[in-house]
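Pasting target-v5.csv here (CSV, C-alpha atoms):
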chain,number,residue,atom,x,y,z
V,84,MET,CA,111.3,126.9,95.9
V,85,LEU,CA,108.7,126.4,98.6
V,86,ILE,CA,108.7,130.2,99.4
V,87,VAL,CA,108.1,131.0,95.7
V,88,LEU,CA,105.3,128.5,95.6
V,89,LEU,CA,103.6,130.0,98.7
V,90,ALA,CA,104.1,133.5,97.3
V,91,VAL,CA,102.4,132.5,94.1
V,92,TRP,CA,99.6,130.9,96.0
V,93,GLU,CA,99.1,134.1,98.0
V,94,ALA,CA,99.3,136.5,95.1
V,95,ALA,CA,97.4,134.6,92.3
V,96,PRO,CA,93.9,134.8,94.0
V,97,ARG,CA,94.5,138.3,95.3
V,98,PHE,CA,95.3,139.7,91.9
V,99,GLY,CA,92.5,137.9,90.2
V,100,PHE,CA,94.5,135.2,88.3
V,101,ILE,CA,92.5,132.5,90.1
V,102,ASP,CA,89.0,132.7,91.6
V,103,PRO,CA,89.6,133.1,95.4
V,104,VAL,CA,86.3,131.3,96.1
V,105,PHE,CA,87.9,128.1,94.8
V,106,LEU,CA,91.6,128.8,95.8
V,107,PRO,CA,91.7,131.3,98.7
V,108,PRO,CA,95.0,133.0,99.5
V,109,PHE,CA,97.5,131.1,101.6
V,110,SER,CA,97.1,133.5,104.5
V,111,GLU,CA,93.4,132.8,104.6
V,112,VAL,CA,94.0,129.1,104.7
V,113,ILE,CA,96.4,129.6,107.7
V,114,ALA,CA,93.9,131.8,109.4
V,115,ALA,CA,91.2,129.1,109.0
V,116,GLY,CA,93.6,126.6,110.5
V,117,TRP,CA,94.3,128.9,113.5
V,118,GLN,CA,90.5,129.1,114.1
V,119,LEU,CA,90.3,125.3,114.1
V,120,ALA,CA,93.2,125.2,116.6
V,121,GLN,CA,91.5,127.6,118.9
V,122,THR,CA,88.2,125.6,119.0
V,123,GLY,CA,90.2,122.4,119.6
V,124,GLU,CA,88.8,120.7,116.5
V,125,LEU,CA,92.2,120.6,114.8
V,126,PHE,CA,93.7,118.8,117.8
V,127,ASP,CA,90.9,116.2,117.7
V,128,ASP,CA,91.3,115.6,114.0
V,129,VAL,CA,95.1,115.4,114.0
V,130,SER,CA,95.3,113.1,117.0
V,131,ALA,CA,92.6,110.8,115.5
V,132,SER,CA,94.5,110.5,112.2
V,133,LEU,CA,97.9,110.0,113.9
V,134,LEU,CA,96.5,107.3,116.2
V,135,ARG,CA,95.1,105.4,113.3
V,136,ALA,CA,98.1,105.8,111.0
V,137,LEU,CA,100.7,105.0,113.7
V,138,SER,CA,98.7,102.0,115.0
V,139,GLY,CA,98.2,100.5,111.6
V,140,PHE,CA,101.8,101.2,110.4
V,141,SER,CA,103.4,99.8,113.6
V,142,ILE,CA,101.3,96.6,113.5
V,143,SER,CA,102.2,96.2,109.8
V,144,VAL,CA,105.9,96.6,110.4
V,145,ALA,CA,105.9,94.3,113.4
V,146,LEU,CA,104.0,91.5,111.5
V,147,ILE,CA,105.1,91.8,107.9
V,148,VAL,CA,108.8,92.4,108.2
V,149,PRO,CA,109.5,89.1,110.0
V,150,LEU,CA,107.1,87.4,107.5
V,151,GLY,CA,109.1,88.9,104.6
V,152,LEU,CA,112.4,87.8,106.1
V,153,ALA,CA,111.0,84.2,106.5
V,154,VAL,CA,109.5,84.1,102.9
V,155,GLY,CA,112.7,85.5,101.4
V,156,TRP,CA,115.0,83.0,103.3
V,157,TYR,CA,112.9,79.9,103.0
V,158,ALA,CA,112.3,79.1,99.3
V,159,ARG,CA,109.5,76.5,100.1
V,160,LEU,CA,107.6,79.0,102.1
V,161,GLY,CA,107.9,81.6,99.3
V,162,ASN,CA,106.7,79.1,96.7
V,163,LEU,CA,103.7,78.2,98.9
V,164,LEU,CA,102.6,81.8,99.5
V,165,ASN,CA,103.6,83.3,96.1
V,166,GLN,CA,100.2,83.0,94.4
V,167,PHE,CA,98.3,84.3,97.5
V,168,ILE,CA,100.7,87.3,97.7
V,169,GLU,CA,100.3,88.1,94.0
V,170,ILE,CA,96.5,88.1,94.3
V,171,CYS,CA,96.4,90.3,97.4
V,172,ARG,CA,99.0,92.8,96.3
V,173,ASN,CA,97.2,93.4,93.0
V,174,THR,CA,93.9,94.0,94.8
V,175,ALA,CA,93.7,97.8,95.5
V,176,PRO,CA,93.2,98.6,99.2
V,177,LEU,CA,90.6,101.3,98.4
V,178,ALA,CA,88.6,98.7,96.4
V,179,LEU,CA,88.3,96.7,99.6
V,180,LEU,CA,87.2,99.6,101.8
V,181,PRO,CA,83.5,98.8,101.6
V,182,VAL,CA,84.3,95.2,102.5
V,183,PHE,CA,86.3,96.2,105.6
V,184,ILE,CA,83.5,98.6,106.6
V,185,LEU,CA,80.8,95.8,106.2
V,186,LEU,CA,82.9,93.3,108.2
V,187,LEU,CA,84.4,95.5,110.8
V,188,GLY,CA,82.0,98.5,111.0
V,189,ILE,CA,82.8,102.2,110.7
V,190,GLY,CA,84.8,102.3,113.9
V,191,GLU,CA,88.5,102.4,114.5
V,192,MET,CA,89.1,98.7,113.7
V,193,SER,CA,88.2,99.0,110.0
V,194,LYS,CA,90.4,102.1,109.5
V,195,ILE,CA,93.4,100.6,111.3
V,196,THR,CA,92.9,97.3,109.4
V,197,MET,CA,92.9,99.2,106.1
V,198,VAL,CA,96.2,100.9,107.0
V,199,VAL,CA,97.7,97.5,107.9
V,200,TYR,CA,96.6,96.0,104.6
V,201,SER,CA,97.8,98.9,102.5
V,202,CYS,CA,101.2,98.9,104.3
V,203,ALA,CA,101.7,95.1,104.1
V,204,TRP,CA,102.5,94.7,100.4
V,205,PRO,CA,105.3,97.3,99.9
V,206,LEU,CA,106.8,96.1,103.1
V,207,LEU,CA,106.5,92.4,102.2
V,208,LEU,CA,107.8,92.7,98.7
V,209,ASN,CA,110.7,94.9,99.6
V,210,THR,CA,111.7,92.7,102.5
V,211,ILE,CA,111.6,89.5,100.4
V,212,ALA,CA,113.6,91.2,97.7
V,213,ALA,CA,116.1,92.5,100.3
V,214,VAL,CA,116.8,88.9,101.5
V,215,LYS,CA,117.1,87.5,98.0
V,216,GLN,CA,119.5,90.2,96.9
V,217,VAL,CA,122.0,89.5,99.7
V,218,ASP,CA,125.4,88.7,98.0
V,219,PRO,CA,125.7,84.8,98.0
V,220,LEU,CA,129.4,85.2,98.5
V,221,LEU,CA,128.8,86.8,101.9
V,222,ILE,CA,126.6,83.9,102.9
V,223,LYS,CA,129.1,81.4,101.7
V,224,SER,CA,132.0,83.1,103.4
V,225,ALA,CA,130.1,83.3,106.7
V,226,ARG,CA,129.2,79.6,106.5
V,227,THR,CA,132.8,78.7,105.7
V,228,MET,CA,133.9,80.5,108.8
V,229,GLY,CA,131.5,78.4,110.9
V,230,ALA,CA,128.7,80.9,111.5
V,231,THR,CA,125.6,79.3,113.0
V,232,PRO,CA,122.2,79.9,111.3
V,233,GLN,CA,121.4,82.5,114.0
V,234,GLN,CA,124.8,84.3,113.5
V,235,LEU,CA,124.3,84.1,109.7
V,236,PHE,CA,120.9,85.8,110.0
V,237,SER,CA,121.9,88.5,112.5
V,238,LYS,CA,125.4,89.3,111.3
V,239,VAL,CA,125.0,88.9,107.5
V,240,ILE,CA,121.4,88.6,106.2
V,241,LEU,CA,119.7,91.3,108.3
V,242,PRO,CA,122.4,94.1,108.0
V,243,ALA,CA,122.7,93.5,104.2
V,244,ALA,CA,118.9,93.6,103.8
V,245,LEU,CA,118.2,96.6,106.0
V,246,PRO,CA,118.6,99.3,103.3
V,247,THR,CA,116.0,97.7,101.0
V,248,ILE,CA,113.7,97.0,104.0
V,249,PHE,CA,113.8,100.7,104.9
V,250,VAL,CA,112.7,101.5,101.3
V,251,GLY,CA,109.7,99.4,101.9
V,252,ILE,CA,109.0,101.0,105.2
V,253,ARG,CA,109.0,104.5,103.7
V,254,LEU,CA,106.7,103.3,100.8
V,255,ALA,CA,104.4,101.8,103.4
V,256,SER,CA,104.2,105.1,105.4
V,257,ALA,CA,103.0,106.9,102.2
V,258,SER,CA,100.4,104.1,101.6
V,259,ALA,CA,99.2,104.4,105.2
V,260,MET,CA,98.4,108.1,104.8
V,261,LEU,CA,96.8,107.7,101.4
V,262,VAL,CA,94.4,104.9,102.6
V,263,LEU,CA,93.7,106.5,105.9
V,264,VAL,CA,92.5,109.8,104.4
V,265,ALA,CA,90.2,107.8,102.0
V,266,SER,CA,88.8,105.7,104.8
V,267,GLU,CA,88.2,108.8,107.0
V,268,MET,CA,86.3,110.5,104.1
V,269,VAL,CA,83.9,107.5,103.9
V,270,GLY,CA,83.1,106.7,107.5
V,271,ALA,CA,84.5,108.9,110.3
V,272,LYS,CA,83.5,111.7,112.6
V,273,ALA,CA,87.1,112.9,113.2
V,274,GLY,CA,90.4,112.9,111.4
V,275,LEU,CA,92.0,115.0,108.7
V,276,GLY,CA,90.2,113.1,106.0
V,277,TYR,CA,86.9,113.8,107.6
V,278,LEU,CA,87.9,117.5,108.0
V,279,ILE,CA,88.7,117.7,104.3
V,280,ILE,CA,85.5,116.1,103.0
V,281,ASN,CA,83.2,117.8,105.5
V,282,SER,CA,84.8,121.2,104.7
V,283,GLN,CA,84.1,120.5,101.0
V,284,TYR,CA,80.5,119.6,101.6
V,285,SER,CA,80.0,122.7,103.8
V,286,PHE,CA,81.9,124.9,101.3
V,287,LEU,CA,84.5,125.9,103.9
V,288,ILE,CA,87.2,126.0,101.3
V,289,PRO,CA,90.0,127.5,103.4
V,290,GLN,CA,89.5,124.7,106.0
V,291,MET,CA,89.6,122.1,103.3
V,292,TYR,CA,92.9,123.4,102.0
V,293,PHE,CA,94.3,123.5,105.5
V,294,GLY,CA,93.3,119.8,106.0
V,295,ILE,CA,95.2,119.0,102.8
V,296,LEU,CA,98.3,120.9,104.1
V,297,GLY,CA,98.0,119.1,107.4
V,298,ILE,CA,98.1,115.7,105.7
V,299,THR,CA,101.2,116.9,103.7
V,300,VAL,CA,103.0,118.1,106.8
V,301,ILE,CA,102.3,114.9,108.7
V,302,GLY,CA,103.6,112.9,105.7
V,303,LEU,CA,106.8,114.9,105.5
V,304,VAL,CA,107.4,114.6,109.3
V,305,PHE,CA,106.7,110.9,109.1
V,306,ASN,CA,109.2,110.5,106.3
V,307,ALA,CA,111.9,112.6,108.1
V,308,VAL,CA,111.6,110.5,111.2
V,309,LEU,CA,112.0,107.3,109.1
V,310,GLU,CA,115.0,108.8,107.4
V,311,ALA,CA,116.6,109.6,110.8
V,312,LEU,CA,115.9,106.0,112.0
V,313,GLU,CA,117.5,104.7,108.8
V,314,ARG,CA,120.6,106.8,109.3
V,315,ARG,CA,120.8,105.5,112.9
V,316,PHE,CA,120.5,101.9,111.9
V,317,MET,CA,122.9,102.4,108.9
V,318,ARG,CA,125.7,103.9,110.8
V,319,TRP,CA,127.8,100.9,110.1
V,320,LYS,CA,127.4,101.5,106.4
V,321,ALA,CA,128.7,105.1,106.7
V,322,SER,CA,131.7,103.8,108.7
V,323,VAL,CA,132.5,101.2,106.1
V,324,ALA,CA,132.2,103.8,103.3
V,325,ALA,CA,134.6,106.2,105.2

Rewrite the structure of this file - the entire thing - as structure tokens.
Amino acid sequence: MLIVLLAVWEAAPRFGFIDPVFLPPFSEVIAAGWQLAQTGELFDDVSASLLRALSGFSISVALIVPLGLAVGWYARLGNLLNQFIEICRNTAPLALLPVFILLLGIGEMSKITMVVYSCAWPLLLNTIAAVKQVDPLLIKSARTMGATPQQLFSKVILPAALPTIFVGIRLASASAMLVLVASEMVGAKAGLGYLIINSQYSFLIPQMYFGILGITVIGLVFNAVLEALERRFMRWKASVAA
């Protein structure tokens, strides 16, 4: 299917079905990307975007997953934070972009913070749901067998919650790329978002499309890595199913 799509992309502008000024052939887009690679600009943009995305995503996972586990397990904490969570998760990250820039400047801090904020809510909500959806019979059985709170968490709650937590992690990775590109378009001098918007303003259309392809490829690689990690952590599930 992908090969057919690329063939149509290559053929449609060349045979006049689409204006090549606005949608250049796929080969010209790749050639523009090769030129960017030769000048070193592509490496600078990709490394800048990856650093921001991975930093914000990693910070979010490290902070929000433990918080979600605590909120899901302790009902009082969940009731205390519920209204705050609802307000924040219904506030679009992109709507807060000017606020983050005003408070943190146009440097790396505002972009990484935006990524952390956008990742937080799918992570938090899925982690809370994962804990609450653990089969009560499993918890009751573990307690009947004399499991300590630490054993109950590590041997029952966490393994049962991991599949849903990984769903939140993958959703958060998509949010990270979306918000990062938008923030780079507004205030940055490097990054794939900057490459896309700067190419549009300069009417370097093949470069613009290559930047879009770059974001897509990074997102696919990111998702593939997370799927591999999920399979690694879920090996016990495959063994039980077998």

Checklist entry - V:Gln233, V:Thr210, V:Ser201, V:Thr247: which is nearest Arg172 in chain V, counting all atoms listed in the file? => result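 Once distances to Arg172 in chain V are computed over all atoms listed in the file, the minimum belongs to V:Ser201.
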
Next on the checklist: So the first atom is CA of Ile184 in chain V and the second is CA of Glu267 in chain V; what is the distance between them in Å, to one decimal place?
Outcome noted: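 Taking CA of Ile184 in chain V as the start and CA of Glu267 in chain V as the end point, the length is 11.2 Å.
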
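Atom to atom, CA of Met197 in chain V and CA of Val214 in chain V stand 26.4 Å apart.
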
Checklist outcome for this item: Shortest contact to Leu134 in chain V, candidates V:Val198, V:Ala175, V:Val308, V:Ala95, atoms counted only C-alpha atoms, goes to V:Val198

Checklist entry - Which residues, written as a ChimeraX atom specification, have at least one atom at most 12 Å from Gln283 in chain V, with all atoms listed in the file counted and residues fewer than 3 positions away on the same chain left out? => result /V:105,268,276-280,286-295

Checklist entry - Just how far from CA of Ser256 in chain V is CA of Phe140 in chain V, in Å to one decimal? => result 6.8 Å

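Residues in contact with Phe236 in chain V at up to 12 Å, not including ones fewer than 6 positions away on its chain and judged by only C-alpha atoms, are Pro149, Leu152, Ala153, Gly155, Trp156, Val214, Val217, Leu221, Ile222, Ala225, Arg226, Ala230, Pro242, Ala243, Ala244 and Leu245 of chain V.
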
Checklist entry - Of the candidates V:Leu254, V:Val148, V:Val199, V:Leu275, which shows the shortest atom-to-atom distance to Leu125 in chain V, using all atoms listed in the file? => result V:Leu275

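Here the question is which of V:Leu220, V:Ile240, V:Leu160, V:Val269 gets nearest to Phe183 in chain V using all atoms listed in the file, and that residue is V:Val269.
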
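Counting all atoms listed in the file, Ile142 in chain V has the following residues at most 12 Å away, ignoring those fewer than 4 positions along the same chain: V:Arg135, V:Ala136, V:Leu137, V:Ser138, V:Leu146, V:Ile147, V:Val148, V:Pro149, V:Ile195, V:Thr196, V:Met197, V:Val198, V:Val199, V:Tyr200, V:Ser201, V:Cys202, V:Ala203, V:Leu206, V:Ala255, V:Ala259.
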
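Summary of the local environment: counting only C-alpha atoms, residues at most 9 Å from Glu310 in chain V, other than itself and those fewer than 4 positions away along its chain, are Phe249, Arg253, Phe305, Asn306, Arg314 and Arg315 of chain V.
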
Item to check | 10 Å contact set for Pro107 in chain V, only C-alpha atoms, chain neighbours under 3 positions out, as a list in words | outcome: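 My reading of the contact set: Trp92, Glu93, Ala94, Ala95, Pro96, Arg97, Ile101, Asp102, Pro103, Val104, Ser110, Glu111, Val112, Ile288, Pro289 and Tyr292 of chain V.
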
Checklist outcome for this item: Judged by all atoms listed in the file, the minimum distance to Gly270 in chain V among V:Pro108, V:Pro246, V:Gly151, V:Gly188 is found for V:Gly188

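Nearest to Asn165 in chain V of all the residues V:Val182, V:Ile211, V:Ala311, V:Val239 is V:Ile211, counting only C-alpha atoms.
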